[in-house]
file entry-v7.pdb (PDB, C-alpha atoms)
ATOM      1  CA  MET I   1      -8.349  43.779  -9.872
ATOM      2  CA  SER I   2     -11.596  45.691 -10.322
ATOM      3  CA  LEU I   3     -14.509  43.339 -10.835
ATOM      4  CA  PRO I   4     -17.712  44.131 -12.734
ATOM      5  CA  SER I   5     -21.049  43.821 -10.957
ATOM      6  CA  GLN I   6     -22.759  41.951 -13.787
ATOM      7  CA  MET I   7     -21.739  39.091 -16.079
ATOM      8  CA  ARG I   8     -22.934  37.194 -19.131
ATOM      9  CA  ALA I   9     -24.350  33.746 -18.422
ATOM     10  CA  VAL I  10     -26.590  31.061 -19.890
ATOM     11  CA  GLU I  11     -29.530  29.893 -17.790
ATOM     12  CA  ILE I  12     -32.174  27.184 -18.020
ATOM     13  CA  THR I  13     -35.444  29.062 -18.446
ATOM     14  CA  GLN I  14     -37.552  25.966 -17.778
ATOM     15  CA  PRO I  15     -37.108  22.201 -18.149
ATOM     16  CA  GLY I  16     -37.060  21.078 -21.750
ATOM     17  CA  GLY I  17     -34.991  20.924 -24.900
ATOM     18  CA  PRO I  18     -31.831  22.832 -25.867
ATOM     19  CA  GLU I  19     -33.938  25.879 -26.763
ATOM     20  CA  MET I  20     -34.531  26.330 -23.022
ATOM     21  CA  LEU I  21     -30.924  27.509 -22.652
ATOM     22  CA  SER I  22     -31.018  31.282 -22.828
ATOM     23  CA  PRO I  23     -28.313  33.978 -22.613
ATOM     24  CA  THR I  24     -28.875  36.252 -19.643
ATOM     25  CA  THR I  25     -27.158  38.702 -17.304
ATOM     26  CA  ARG I  26     -26.477  37.778 -13.694
ATOM     27  CA  PRO I  27     -24.662  39.425 -10.780
ATOM     28  CA  VAL I  28     -21.031  38.367 -10.460
ATOM     29  CA  PRO I  29     -20.936  35.844  -7.588
ATOM     30  CA  VAL I  30     -18.984  36.648  -4.431
ATOM     31  CA  PRO I  31     -16.643  33.901  -3.178
ATOM     32  CA  ALA I  32     -17.532  32.622   0.281
ATOM     33  CA  ALA I  33     -15.017  31.451   2.870
ATOM     34  CA  GLY I  34     -12.769  28.816   1.350
ATOM     35  CA  GLU I  35     -13.769  29.681  -2.215
ATOM     36  CA  VAL I  36     -12.124  31.404  -5.156
ATOM     37  CA  LEU I  37     -13.728  33.431  -7.921
ATOM     38  CA  ILE I  38     -12.637  32.384 -11.408
ATOM     39  CA  LYS I  39     -12.865  34.567 -14.493
ATOM     40  CA  VAL I  40     -13.961  31.823 -16.861
ATOM     41  CA  ALA I  41     -12.143  31.315 -20.147
ATOM     42  CA  VAL I  42     -13.730  28.004 -21.162
ATOM     43  CA  ALA I  43     -16.509  25.812 -19.748
ATOM     44  CA  GLY I  44     -17.029  22.119 -20.432
ATOM     45  CA  VAL I  45     -20.350  20.712 -21.621
ATOM     46  CA  ASN I  46     -21.232  17.403 -19.976
ATOM     47  CA  ARG I  47     -24.104  14.934 -20.037
ATOM     48  CA  PRO I  48     -25.231  15.999 -16.512
ATOM     49  CA  ASP I  49     -25.804  19.501 -17.932
ATOM     50  CA  VAL I  50     -28.234  17.989 -20.433
ATOM     51  CA  VAL I  51     -30.025  16.015 -17.724
ATOM     52  CA  GLN I  52     -30.252  19.144 -15.552
ATOM     53  CA  ARG I  53     -31.694  21.080 -18.491
ATOM     54  CA  GLN I  54     -34.322  18.364 -18.874
ATOM     55  CA  GLY I  55     -35.343  18.905 -15.242
ATOM     56  CA  LEU I  56     -34.066  15.520 -14.071
ATOM     57  CA  TYR I  57     -30.865  16.472 -12.200
ATOM     58  CA  PRO I  58     -31.355  19.452  -9.878
ATOM     59  CA  PRO I  59     -28.242  21.137  -8.480
ATOM     60  CA  PRO I  60     -27.297  20.204  -4.915
ATOM     61  CA  PRO I  61     -28.244  22.586  -2.097
ATOM     62  CA  GLY I  62     -26.231  25.799  -2.219
ATOM     63  CA  ALA I  63     -24.977  25.299  -5.779
ATOM     64  CA  SER I  64     -25.668  27.716  -8.609
ATOM     65  CA  ASP I  65     -28.734  26.967 -10.721
ATOM     66  CA  LEU I  66     -26.671  27.691 -13.831
ATOM     67  CA  PRO I  67     -25.378  24.591 -15.639
ATOM     68  CA  GLY I  68     -21.666  23.907 -15.983
ATOM     69  CA  LEU I  69     -19.552  21.576 -13.840
ATOM     70  CA  GLU I  70     -16.017  22.416 -15.009
ATOM     71  CA  VAL I  71     -14.150  25.500 -16.162
ATOM     72  CA  SER I  72     -10.731  26.902 -16.847
ATOM     73  CA  GLY I  73      -9.715  30.499 -16.356
ATOM     74  CA  THR I  74      -7.899  32.942 -14.099
ATOM     75  CA  ILE I  75      -8.453  33.485 -10.391
ATOM     76  CA  ALA I  76     -10.097  36.894 -10.054
ATOM     77  CA  ALA I  77     -10.655  37.057  -6.282
ATOM     78  CA  LEU I  78     -10.099  35.032  -3.121
ATOM     79  CA  GLY I  79     -12.682  34.407  -0.435
ATOM     80  CA  PRO I  80     -11.756  34.464   3.249
ATOM     81  CA  ASP I  81      -9.455  31.728   4.539
ATOM     82  CA  VAL I  82      -8.072  30.734   1.132
ATOM     83  CA  THR I  83      -4.392  29.841   1.019
ATOM     84  CA  GLY I  84      -2.207  28.465  -1.737
ATOM     85  CA  TRP I  85      -3.755  30.517  -4.542
ATOM     86  CA  GLN I  86      -3.238  34.049  -5.781
ATOM     87  CA  VAL I  87      -5.221  36.377  -8.003
ATOM     88  CA  GLY I  88      -3.995  35.851 -11.557
ATOM     89  CA  ASP I  89      -3.248  32.111 -11.218
ATOM     90  CA  LYS I  90      -4.328  30.105 -14.264
ATOM     91  CA  VAL I  91      -6.492  27.218 -13.101
ATOM     92  CA  CYS I  92      -9.147  24.675 -13.913
ATOM     93  CA  ALA I  93     -11.803  23.600 -11.452
ATOM     94  CA  LEU I  94     -14.631  21.202 -10.685
ATOM     95  CA  LEU I  95     -17.847  23.032  -9.832
ATOM     96  CA  GLY I  96     -21.188  22.161  -8.301
ATOM     97  CA  GLY I  97     -22.729  24.327 -11.014
ATOM     98  CA  GLY I  98     -22.421  27.798 -12.501
ATOM     99  CA  GLY I  99     -19.852  27.184 -15.232
ATOM    100  CA  TYR I 100     -21.905  28.662 -18.081
ATOM    101  CA  ALA I 101     -20.944  32.196 -17.085
ATOM    102  CA  GLU I 102     -18.152  34.774 -17.241
ATOM    103  CA  TYR I 103     -17.394  34.257 -13.544
ATOM    104  CA  ALA I 104     -17.847  31.234 -11.288
ATOM    105  CA  THR I 105     -16.962  30.358  -7.719
ATOM    106  CA  ALA I 106     -15.308  27.096  -6.688
ATOM    107  CA  PRO I 107     -14.113  25.648  -3.381
ATOM    108  CA  ALA I 108     -10.349  26.158  -3.291
ATOM    109  CA  GLY I 109      -9.795  22.429  -2.776
ATOM    110  CA  GLN I 110     -11.431  21.672  -6.135
ATOM    111  CA  VAL I 111      -9.131  23.988  -8.050
ATOM    112  CA  LEU I 112      -6.063  22.690  -9.879
ATOM    113  CA  PRO I 113      -3.312  24.418 -11.857
ATOM    114  CA  VAL I 114      -3.536  24.283 -15.636
ATOM    115  CA  PRO I 115      -1.178  21.416 -16.548
ATOM    116  CA  ASP I 116       1.990  22.365 -18.388
ATOM    117  CA  GLY I 117       1.561  22.208 -22.135
ATOM    118  CA  LEU I 118      -2.230  22.548 -22.162
ATOM    119  CA  ASP I 119      -4.262  25.523 -23.350
ATOM    120  CA  MET I 120      -7.419  26.751 -21.636
ATOM    121  CA  VAL I 121      -9.751  24.702 -23.848
ATOM    122  CA  GLN I 122      -7.896  21.492 -23.029
ATOM    123  CA  ALA I 123      -7.639  22.348 -19.328
ATOM    124  CA  ALA I 124     -11.381  22.956 -19.004
ATOM    125  CA  ALA I 125     -12.040  19.521 -20.525
ATOM    126  CA  LEU I 126     -10.297  17.709 -17.664
ATOM    127  CA  PRO I 127     -11.938  18.175 -14.235
ATOM    128  CA  GLU I 128     -15.312  16.462 -14.631
ATOM    129  CA  THR I 129     -13.964  13.599 -16.724
ATOM    130  CA  VAL I 130     -10.701  12.984 -14.875
ATOM    131  CA  PHE I 131     -12.291  13.206 -11.430
ATOM    132  CA  THR I 132     -15.047  10.807 -12.530
ATOM    133  CA  VAL I 133     -12.676   8.290 -14.096
ATOM    134  CA  TRP I 134     -10.201   8.319 -11.224
ATOM    135  CA  THR I 135     -12.721   7.936  -8.423
ATOM    136  CA  ASN I 136     -14.658   5.174 -10.180
ATOM    137  CA  VAL I 137     -12.036   3.198 -12.092
ATOM    138  CA  VAL I 138      -9.187   3.438  -9.577
ATOM    139  CA  GLU I 139     -10.618   4.269  -6.156
ATOM    140  CA  ARG I 140     -13.870   2.264  -6.356
ATOM    141  CA  ALA I 141     -13.018  -0.510  -8.832
ATOM    142  CA  GLY I 142      -9.332  -0.746  -7.911
ATOM    143  CA  LEU I 143      -8.038  -1.289 -11.453
ATOM    144  CA  THR I 144      -4.348  -2.194 -11.403
ATOM    145  CA  ALA I 145      -1.586  -3.068 -13.866
ATOM    146  CA  GLY I 146      -2.054  -6.397 -15.600
ATOM    147  CA  GLU I 147      -5.843  -6.379 -15.281
ATOM    148  CA  SER I 148      -8.374  -5.944 -18.085
ATOM    149  CA  PHE I 149     -10.873  -3.110 -18.405
ATOM    150  CA  LEU I 150     -14.006  -2.487 -20.472
ATOM    151  CA  VAL I 151     -15.526   0.951 -20.956
ATOM    152  CA  HIS I 152     -18.714   1.661 -22.857
ATOM    153  CA  GLY I 153     -19.049   4.912 -24.751
ATOM    154  CA  GLY I 154     -15.353   4.932 -25.580
ATOM    155  CA  THR I 155     -15.520   8.168 -27.573
ATOM    156  CA  SER I 156     -17.453  10.152 -24.964
ATOM    157  CA  GLY I 157     -15.591  12.625 -22.803
ATOM    158  CA  ILE I 158     -15.489  10.062 -20.001
ATOM    159  CA  GLY I 159     -14.614   7.230 -22.349
ATOM    160  CA  THR I 160     -11.683   8.963 -24.027
ATOM    161  CA  ILE I 161     -10.090   9.710 -20.659
ATOM    162  CA  ALA I 162     -10.908   6.266 -19.241
ATOM    163  CA  ILE I 163      -9.143   4.522 -22.120
ATOM    164  CA  GLN I 164      -5.994   6.597 -21.611
ATOM    165  CA  VAL I 165      -5.920   6.360 -17.824
ATOM    166  CA  ALA I 166      -6.487   2.593 -17.846
ATOM    167  CA  LYS I 167      -3.785   2.152 -20.467
ATOM    168  CA  ALA I 168      -1.377   4.329 -18.473
ATOM    169  CA  LEU I 169      -2.057   2.148 -15.427
ATOM    170  CA  GLY I 170      -0.967  -0.917 -17.408
ATOM    171  CA  ALA I 171      -4.375  -2.480 -18.080
ATOM    172  CA  THR I 172      -5.575  -4.223 -21.231
ATOM    173  CA  VAL I 173      -8.351  -1.982 -22.530
ATOM    174  CA  PHE I 174     -11.601  -2.898 -24.276
ATOM    175  CA  ALA I 175     -13.874  -0.087 -25.489
ATOM    176  CA  THR I 176     -17.221  -0.029 -27.260
ATOM    177  CA  ALA I 177     -18.321   2.654 -29.692
ATOM    178  CA  GLY I 178     -20.764   3.011 -32.562
ATOM    179  CA  GLY I 179     -19.358   3.181 -36.087
ATOM    180  CA  SER I 180     -16.002   2.675 -37.783
ATOM    181  CA  ASP I 181     -14.769   6.231 -37.159
ATOM    182  CA  LYS I 182     -15.427   5.986 -33.436
ATOM    183  CA  VAL I 183     -13.862   2.527 -33.238
ATOM    184  CA  ALA I 184     -10.756   3.909 -34.948
ATOM    185  CA  ALA I 185     -10.664   6.798 -32.463
ATOM    186  CA  CYS I 186     -10.725   4.336 -29.550
ATOM    187  CA  ARG I 187      -7.777   2.472 -31.057
ATOM    188  CA  ASP I 188      -5.883   5.721 -31.566
ATOM    189  CA  LEU I 189      -6.372   6.501 -27.865
ATOM    190  CA  GLY I 190      -4.812   3.179 -26.881
ATOM    191  CA  ALA I 191      -7.673   0.675 -26.701
ATOM    192  CA  ASP I 192      -6.332  -2.830 -27.299
ATOM    193  CA  HIS I 193      -9.761  -4.002 -28.448
ATOM    194  CA  ALA I 194     -12.224  -1.509 -29.970
ATOM    195  CA  ILE I 195     -15.696  -2.981 -30.487
ATOM    196  CA  ASP I 196     -18.413  -1.607 -32.787
ATOM    197  CA  TYR I 197     -21.535  -2.289 -30.767
ATOM    198  CA  LYS I 198     -23.659  -1.737 -33.883
ATOM    199  CA  THR I 199     -22.175  -4.751 -35.661
ATOM    200  CA  GLN I 200     -20.474  -6.792 -32.913
ATOM    201  CA  ASP I 201     -21.527  -8.485 -29.683
ATOM    202  CA  PHE I 202     -19.167  -7.046 -27.070
ATOM    203  CA  VAL I 203     -19.704 -10.026 -24.761
ATOM    204  CA  ALA I 204     -18.557 -12.437 -27.476
ATOM    205  CA  VAL I 205     -15.553 -10.268 -28.353
ATOM    206  CA  VAL I 206     -14.462 -10.000 -24.709
ATOM    207  CA  LYS I 207     -14.820 -13.734 -24.100
ATOM    208  CA  GLU I 208     -12.882 -14.632 -27.245
ATOM    209  CA  ALA I 209     -10.081 -12.147 -26.539
ATOM    210  CA  THR I 210      -9.712 -13.258 -22.912
ATOM    211  CA  GLY I 211     -10.017 -17.011 -23.464
ATOM    212  CA  LYS I 212     -13.473 -16.906 -21.802
ATOM    213  CA  ARG I 213     -11.959 -15.449 -18.610
ATOM    214  CA  GLY I 214     -13.653 -12.054 -18.951
ATOM    215  CA  VAL I 215     -12.557  -8.579 -17.874
ATOM    216  CA  ASP I 216     -11.739  -7.440 -14.354
ATOM    217  CA  VAL I 217     -13.492  -4.059 -14.438
ATOM    218  CA  VAL I 218     -16.420  -2.619 -16.394
ATOM    219  CA  LEU I 219     -17.173   1.115 -16.417
ATOM    220  CA  ASP I 220     -20.770   1.482 -17.592
ATOM    221  CA  MET I 221     -22.782   4.562 -18.500
ATOM    222  CA  VAL I 222     -25.491   2.725 -20.446
ATOM    223  CA  GLY I 223     -27.449   0.822 -17.811
ATOM    224  CA  GLY I 224     -30.666  -0.913 -18.743
ATOM    225  CA  ASP I 225     -30.187  -4.146 -20.687
ATOM    226  CA  TYR I 226     -26.386  -3.722 -20.653
ATOM    227  CA  LEU I 227     -26.092  -4.799 -17.011
ATOM    228  CA  PRO I 228     -26.715  -8.541 -17.490
ATOM    229  CA  ARG I 229     -24.430  -8.506 -20.534
ATOM    230  CA  ASN I 230     -21.719  -6.753 -18.534
ATOM    231  CA  ILE I 231     -22.051  -9.344 -15.776
ATOM    232  CA  ASP I 232     -21.730 -12.073 -18.397
ATOM    233  CA  CYS I 233     -18.352 -10.758 -19.537
ATOM    234  CA  LEU I 234     -16.903 -10.065 -16.076
ATOM    235  CA  ALA I 235     -14.175 -12.332 -14.710
ATOM    236  CA  VAL I 236     -14.212 -13.977 -11.297
ATOM    237  CA  ASP I 237     -13.830 -11.244  -8.648
ATOM    238  CA  GLY I 238     -14.752  -8.664 -11.297
ATOM    239  CA  ARG I 239     -15.987  -5.177 -10.458
ATOM    240  CA  HIS I 240     -18.781  -3.303 -12.216
ATOM    241  CA  VAL I 241     -19.153   0.466 -11.803
ATOM    242  CA  THR I 242     -22.245   2.347 -12.968
ATOM    243  CA  ILE I 243     -21.906   6.085 -13.540
ATOM    244  CA  ALA I 244     -24.942   6.749 -15.780
ATOM    245  CA  PHE I 245     -27.866   4.916 -17.338
ATOM    246  CA  LEU I 246     -28.675   6.152 -20.826
ATOM    247  CA  ARG I 247     -30.919   3.095 -21.315
ATOM    248  CA  GLY I 248     -32.649   3.505 -17.973
ATOM    249  CA  PRO I 249     -31.952   2.878 -14.257
ATOM    250  CA  LYS I 250     -34.144  -0.188 -13.818
ATOM    251  CA  VAL I 251     -32.751  -3.603 -14.674
ATOM    252  CA  GLU I 252     -33.557  -7.288 -14.258
ATOM    253  CA  LEU I 253     -30.694  -8.963 -12.447
ATOM    254  CA  ASN I 254     -29.821 -12.637 -12.080
ATOM    255  CA  LEU I 255     -27.942 -12.861  -8.794
ATOM    256  CA  ALA I 256     -26.517 -16.315  -9.464
ATOM    257  CA  PRO I 257     -23.502 -15.180 -11.542
ATOM    258  CA  VAL I 258     -22.912 -12.324  -9.103
ATOM    259  CA  MET I 259     -22.528 -14.864  -6.330
ATOM    260  CA  LEU I 260     -20.720 -17.557  -8.293
ATOM    261  CA  LYS I 261     -18.134 -15.118  -9.676
ATOM    262  CA  ARG I 262     -17.920 -13.059  -6.456
ATOM    263  CA  LEU I 263     -18.687  -9.873  -8.352
ATOM    264  CA  THR I 264     -18.815  -6.366  -6.908
ATOM    265  CA  LEU I 265     -21.510  -4.053  -8.285
ATOM    266  CA  THR I 266     -21.099  -0.413  -7.352
ATOM    267  CA  GLY I 267     -21.697   3.070  -8.683
ATOM    268  CA  SER I 268     -21.435   6.713  -7.794
ATOM    269  CA  THR I 269     -22.249  10.297  -8.641
ATOM    270  CA  LEU I 270     -19.752  13.092  -8.232
ATOM    271  CA  ARG I 271     -21.761  16.288  -7.959
ATOM    272  CA  ALA I 272     -23.430  15.604  -4.615
ATOM    273  CA  ARG I 273     -20.251  14.676  -2.749
ATOM    274  CA  SER I 274     -18.989  16.934   0.016
ATOM    275  CA  THR I 275     -16.349  19.572  -0.613
ATOM    276  CA  ALA I 276     -13.974  17.622   1.630
ATOM    277  CA  GLN I 277     -14.428  14.488  -0.472
ATOM    278  CA  LYS I 278     -13.931  16.405  -3.695
ATOM    279  CA  ALA I 279     -10.842  18.114  -2.288
ATOM    280  CA  ALA I 280      -9.334  14.726  -1.423
ATOM    281  CA  LEU I 281     -10.126  13.538  -4.934
ATOM    282  CA  ALA I 282      -8.548  16.662  -6.424
ATOM    283  CA  ALA I 283      -5.368  16.017  -4.436
ATOM    284  CA  ALA I 284      -5.225  12.440  -5.744
ATOM    285  CA  VAL I 285      -5.791  13.633  -9.316
ATOM    286  CA  LYS I 286      -3.048  16.249  -9.005
ATOM    287  CA  ASP I 287      -0.651  13.663  -7.586
ATOM    288  CA  ARG I 288      -1.451  10.746  -9.894
ATOM    289  CA  VAL I 289      -3.059  12.030 -13.100
ATOM    290  CA  TRP I 290      -1.513  15.474 -13.674
ATOM    291  CA  PRO I 291       1.942  13.890 -14.245
ATOM    292  CA  LEU I 292       0.358  11.637 -16.892
ATOM    293  CA  VAL I 293      -1.166  14.710 -18.532
ATOM    294  CA  THR I 294       2.085  16.680 -18.600
ATOM    295  CA  ALA I 295       3.877  13.588 -19.948
ATOM    296  CA  GLY I 296       1.376  13.374 -22.804
ATOM    297  CA  LYS I 297       0.017   9.986 -21.715
ATOM    298  CA  VAL I 298      -3.438  11.420 -20.973
ATOM    299  CA  ARG I 299      -4.829  14.196 -23.153
ATOM    300  CA  PRO I 300      -8.341  15.556 -23.556
ATOM    301  CA  VAL I 301      -9.948  15.020 -26.947
ATOM    302  CA  ILE I 302     -11.806  18.138 -28.119
ATOM    303  CA  ALA I 303     -14.750  17.516 -30.444
ATOM    304  CA  ALA I 304     -15.983  21.083 -30.907
ATOM    305  CA  THR I 305     -16.023  24.550 -29.395
ATOM    306  CA  PHE I 306     -18.940  26.985 -29.301
ATOM    307  CA  PRO I 307     -19.303  30.542 -28.001
ATOM    308  CA  LEU I 308     -21.119  30.752 -24.665
ATOM    309  CA  GLU I 309     -24.249  32.180 -26.259
ATOM    310  CA  ALA I 310     -24.474  29.107 -28.529
ATOM    311  CA  ALA I 311     -24.815  26.695 -25.591
ATOM    312  CA  ALA I 312     -28.063  25.387 -27.092
ATOM    313  CA  ASP I 313     -26.181  24.300 -30.224
ATOM    314  CA  ALA I 314     -23.563  22.623 -28.032
ATOM    315  CA  HIS I 315     -26.328  20.662 -26.293
ATOM    316  CA  ARG I 316     -27.819  19.644 -29.639
ATOM    317  CA  LEU I 317     -24.445  18.213 -30.649
ATOM    318  CA  MET I 318     -24.171  16.430 -27.297
ATOM    319  CA  GLU I 319     -27.585  14.835 -27.741
ATOM    320  CA  SER I 320     -26.805  13.777 -31.314
ATOM    321  CA  SER I 321     -24.028  11.497 -29.987
ATOM    322  CA  THR I 322     -22.111  12.045 -33.226
ATOM    323  CA  HIS I 323     -19.151  13.735 -31.542
ATOM    324  CA  ILE I 324     -15.839  12.228 -30.458
ATOM    325  CA  GLY I 325     -14.509  13.757 -27.244
ATOM    326  CA  LYS I 326     -15.461  16.892 -25.369
ATOM    327  CA  ILE I 327     -17.698  19.802 -26.320
ATOM    328  CA  MET I 328     -16.586  23.170 -24.955
ATOM    329  CA  LEU I 329     -17.961  26.687 -24.513
ATOM    330  CA  VAL I 330     -15.431  29.458 -25.103
ATOM    331  CA  LEU I 331     -15.969  32.894 -23.567
TER     332      LEU I 331
END
call {"tool": "encode", "arguments": {"input": "entry-v7.pdb", "output": "structure tokens"}}
result
Amino acid sequence: MSLPSQMRAVEITQPGGPEMLSPTTRPVPVPAAGEVLIKVAVAGVNRPDVVQRQGLYPPPPGASDLPGLEVSGTIAALGPDVTGWQVGDKVCALLGGGGYAEYATAPAGQVLPVPDGLDMVQAAALPETVFTVWTNVVERAGLTAGESFLVHGGTSGIGTIAIQVAKALGATVFATAGGSDKVAACRDLGADHAIDYKTQDFVAVVKEATGKRGVDVVLDMVGGDYLPRNIDCLAVDGRHVTIAFLRGPKVELNLAPVMLKRLTLTGSTLRARSTAQKAALAAAVKDRVWPLVTAGKVRPVIAATFPLEAAADAHRLMESSTHIGKIMLVL
């Protein structure tokens, strides 16, 4: 396959608002040892892209400065020492950056086949969300069948996948969302209890529904004043996982209930992990989640698609928080 020397891309011209995303032309990247080059069909838009655009989440060393943490497409070239993939394979991949472009490189271990029955838009919506949910809800929090689970932001990209994965694992699922349409969407995805945080106190709802026992696991992307409320509705031996903090990273914490209920408070980021760690996570996702996807038990929810050059409009929609599901860039 003959590759062009230049490609279309969208770059961050300087930290700021969505208008700082600008179409540009860049050289086509060359895959290093252990990497593949993907001709991108679709790129996912995620909250970390917004935070990077604002100048608050720089890419890790060696990663592209272009935003974009997940793509789908076709393998266009193989770097040295790559096995198991061929040029022409249809794939999706988790990236350290660089997804807002016609071509992107990815470590071969972070590349997965497009699941049967999914198109390229749906496939590109999976890596960032599925990897994040699996590593935090299952590997870190250890959610198992028969337990109860609360996720905030139930209609976000993360939330929609978390509801489905937790339900597929056999958990009782609580989800918060803002507004009747979003609450209905959470129920449609399988949430046993969908809570409108604008009109309901989620702590009171959880306590009433569980006979004051509380939930076993909370997946939180709100932070701030939600932490003490989350602790209040956790059961004995409960686990709390922080993956973002839309209301701020600093909190006031009463350690007494943490000790009395033997709680575990943890959190993680995905982007800065090593390629070996991400490859191990990809293998777990392929083994455990891909069968759920092909069986129709876990499906990405697509809110909207935009052409690559309209990435600024995609970010405006993301920041409006009016969407349900994933926002995608189609090349």
call {"tool": "resolve_selection", "arguments": {"input": "entry-v7.pdb", "expression": "the PyMOL selection byres ((chain I and resi 115-118) around 10)", "output": "list in words"}}
result
Lys90, Val91, Cys92, Leu112, Pro113, Val114, Asp119, Met120, Val121, Gln122, Ala123, Ala124, Leu126, Lys286, Trp290, Pro291, Leu292, Val293, Thr294, Ala295, Gly296, Arg299 and Pro300 of chain I
call {"tool": "write_last_selection", "arguments": {"input": "entry-v7.pdb", "atoms": "C-alpha atoms", "output": "PDB file, in the frame of the given file"}}
result
ATOM      1  CA  LYS I  90      -4.328  30.105 -14.264  1.00  0.00           C
ATOM      2  CA  VAL I  91      -6.492  27.218 -13.101  1.00  0.00           C
ATOM      3  CA  CYS I  92      -9.147  24.675 -13.913  1.00  0.00           C
ATOM      4  CA  LEU I 112      -6.063  22.690  -9.879  1.00  0.00           C
ATOM      5  CA  PRO I 113      -3.312  24.418 -11.857  1.00  0.00           C
ATOM      6  CA  VAL I 114      -3.536  24.283 -15.636  1.00  0.00           C
ATOM      7  CA  ASP I 119      -4.262  25.523 -23.350  1.00  0.00           C
ATOM      8  CA  MET I 120      -7.419  26.751 -21.636  1.00  0.00           C
ATOM      9  CA  VAL I 121      -9.751  24.702 -23.848  1.00  0.00           C
ATOM     10  CA  GLN I 122      -7.896  21.492 -23.029  1.00  0.00           C
ATOM     11  CA  ALA I 123      -7.639  22.348 -19.328  1.00  0.00           C
ATOM     12  CA  ALA I 124     -11.381  22.956 -19.004  1.00  0.00           C
ATOM     13  CA  LEU I 126     -10.297  17.709 -17.664  1.00  0.00           C
ATOM     14  CA  LYS I 286      -3.048  16.249  -9.005  1.00  0.00           C
ATOM     15  CA  TRP I 290      -1.513  15.474 -13.674  1.00  0.00           C
ATOM     16  CA  PRO I 291       1.942  13.890 -14.245  1.00  0.00           C
ATOM     17  CA  LEU I 292       0.358  11.637 -16.892  1.00  0.00           C
ATOM     18  CA  VAL I 293      -1.166  14.710 -18.532  1.00  0.00           C
ATOM     19  CA  THR I 294       2.085  16.680 -18.600  1.00  0.00           C
ATOM     20  CA  ALA I 295       3.877  13.588 -19.948  1.00  0.00           C
ATOM     21  CA  GLY I 296       1.376  13.374 -22.804  1.00  0.00           C
ATOM     22  CA  ARG I 299      -4.829  14.196 -23.153  1.00  0.00           C
ATOM     23  CA  PRO I 300      -8.341  15.556 -23.556  1.00  0.00           C
TER      24      PRO I 300
END
call {"tool": "atom_distance", "arguments": {"input": "entry-v7.pdb", "atom1": "CA of Gln277 (chain I)", "atom2": "CA of Pro60 (chain I)"}}
result
14.8 Å
call {"tool": "atom_distance", "arguments": {"input": "entry-v7.pdb", "atom1": "CA of Ala101 (chain I)", "atom2": "CA of Asn136 (chain I)"}}
result
28.6 Å
call {"tool": "residues_around", "arguments": {"input": "entry-v7.pdb", "residues": "region 17-25 of chain I", "least_positions_apart": "6", "cutoff": "8 Å", "atoms": "only C-alpha atoms", "output": "JSON, numbers by chain"}}
result
{"I": [6, 7, 8, 9, 10, 11, 53, 54, 309, 311, 312, 313, 315, 316]}
call {"tool": "closest_residue", "arguments": {"input": "entry-v7.pdb", "among": "I:Gly62, I:Gly88, I:Pro31, I:Pro67", "to": "Ala108 (chain I)", "atoms": "all atoms listed in the file"}}
result
I:Pro31
call {"tool": "residues_around", "arguments": {"input": "entry-v7.pdb", "residues": "Glu319 (chain I)", "least_positions_apart": "5", "cutoff": "9 Å", "atoms": "all atoms listed in the file", "output": "PyMOL selection string"}}
result
chain I and resi 47+50+314
call {"tool": "closest_residue", "arguments": {"input": "entry-v7.pdb", "among": "I:Ser156, I:Gln86, I:Thr264, I:Ser72", "to": "Val222 (chain I)", "atoms": "all atoms listed in the file"}}
result
I:Ser156
call {"tool": "atom_distance", "arguments": {"input": "entry-v7.pdb", "atom1": "CA of Ala284 (chain I)", "atom2": "CA of Val30 (chain I)"}}
result
27.9 Å
call {"tool": "residues_around", "arguments": {"input": "entry-v7.pdb", "residues": "Leu331 (chain I)", "least_positions_apart": "5", "cutoff": "7 Å", "atoms": "all atoms listed in the file", "output": "MDAnalysis selection string"}}
result
chainID I and resid 41:42 102 307:308
call {"tool": "closest_residue", "arguments": {"input": "entry-v7.pdb", "among": "I:Val130, I:Leu317, I:Val71, I:Ile302", "to": "Val111 (chain I)", "atoms": "all atoms listed in the file"}}
result
I:Val71
call {"tool": "closest_residue", "arguments": {"input": "entry-v7.pdb", "among": "I:Ala310, I:Val28, I:Leu253, I:Val301", "to": "Ile163 (chain I)", "atoms": "all atoms listed in the file"}}
result
I:Val301
call {"tool": "resolve_selection", "arguments": {"input": "entry-v7.pdb", "expression": "the PyMOL selection byres ((chain I and resi 98) around 6)", "output": "number ranges by chain"}}
result
I: 64, 66-68, 97, 99-100, 104
call {"tool": "residues_around", "arguments": {"input": "entry-v7.pdb", "residues": "Lys250 (chain I)", "least_positions_apart": "6", "cutoff": "9 Å", "atoms": "only C-alpha atoms", "output": "JSON, numbers by chain"}}
result
{"I": [223, 224, 225]}
call {"tool": "residues_around", "arguments": {"input": "entry-v7.pdb", "residues": "Lys212 (chain I)", "least_positions_apart": "3", "cutoff": "12 Å", "atoms": "only C-alpha atoms", "output": "short mmCIF file (atom, residue, chain, number, x, y, z; two decimals) with C-alpha atoms, in the frame of the given file"}}
result
data_model
loop_
_atom_site.label_atom_id
_atom_site.label_comp_id
_atom_site.auth_asym_id
_atom_site.auth_seq_id
_atom_site.Cartn_x
_atom_site.Cartn_y
_atom_site.Cartn_z
CA VAL I 203 -19.70 -10.03 -24.76
CA ALA I 204 -18.56 -12.44 -27.48
CA VAL I 205 -15.55 -10.27 -28.35
CA VAL I 206 -14.46 -10.00 -24.71
CA LYS I 207 -14.82 -13.73 -24.10
CA GLU I 208 -12.88 -14.63 -27.24
CA ALA I 209 -10.08 -12.15 -26.54
CA VAL I 215 -12.56 -8.58 -17.87
CA ASP I 232 -21.73 -12.07 -18.40
CA CYS I 233 -18.35 -10.76 -19.54
CA LEU I 234 -16.90 -10.06 -16.08
CA ALA I 235 -14.18 -12.33 -14.71
CA VAL I 236 -14.21 -13.98 -11.30
#
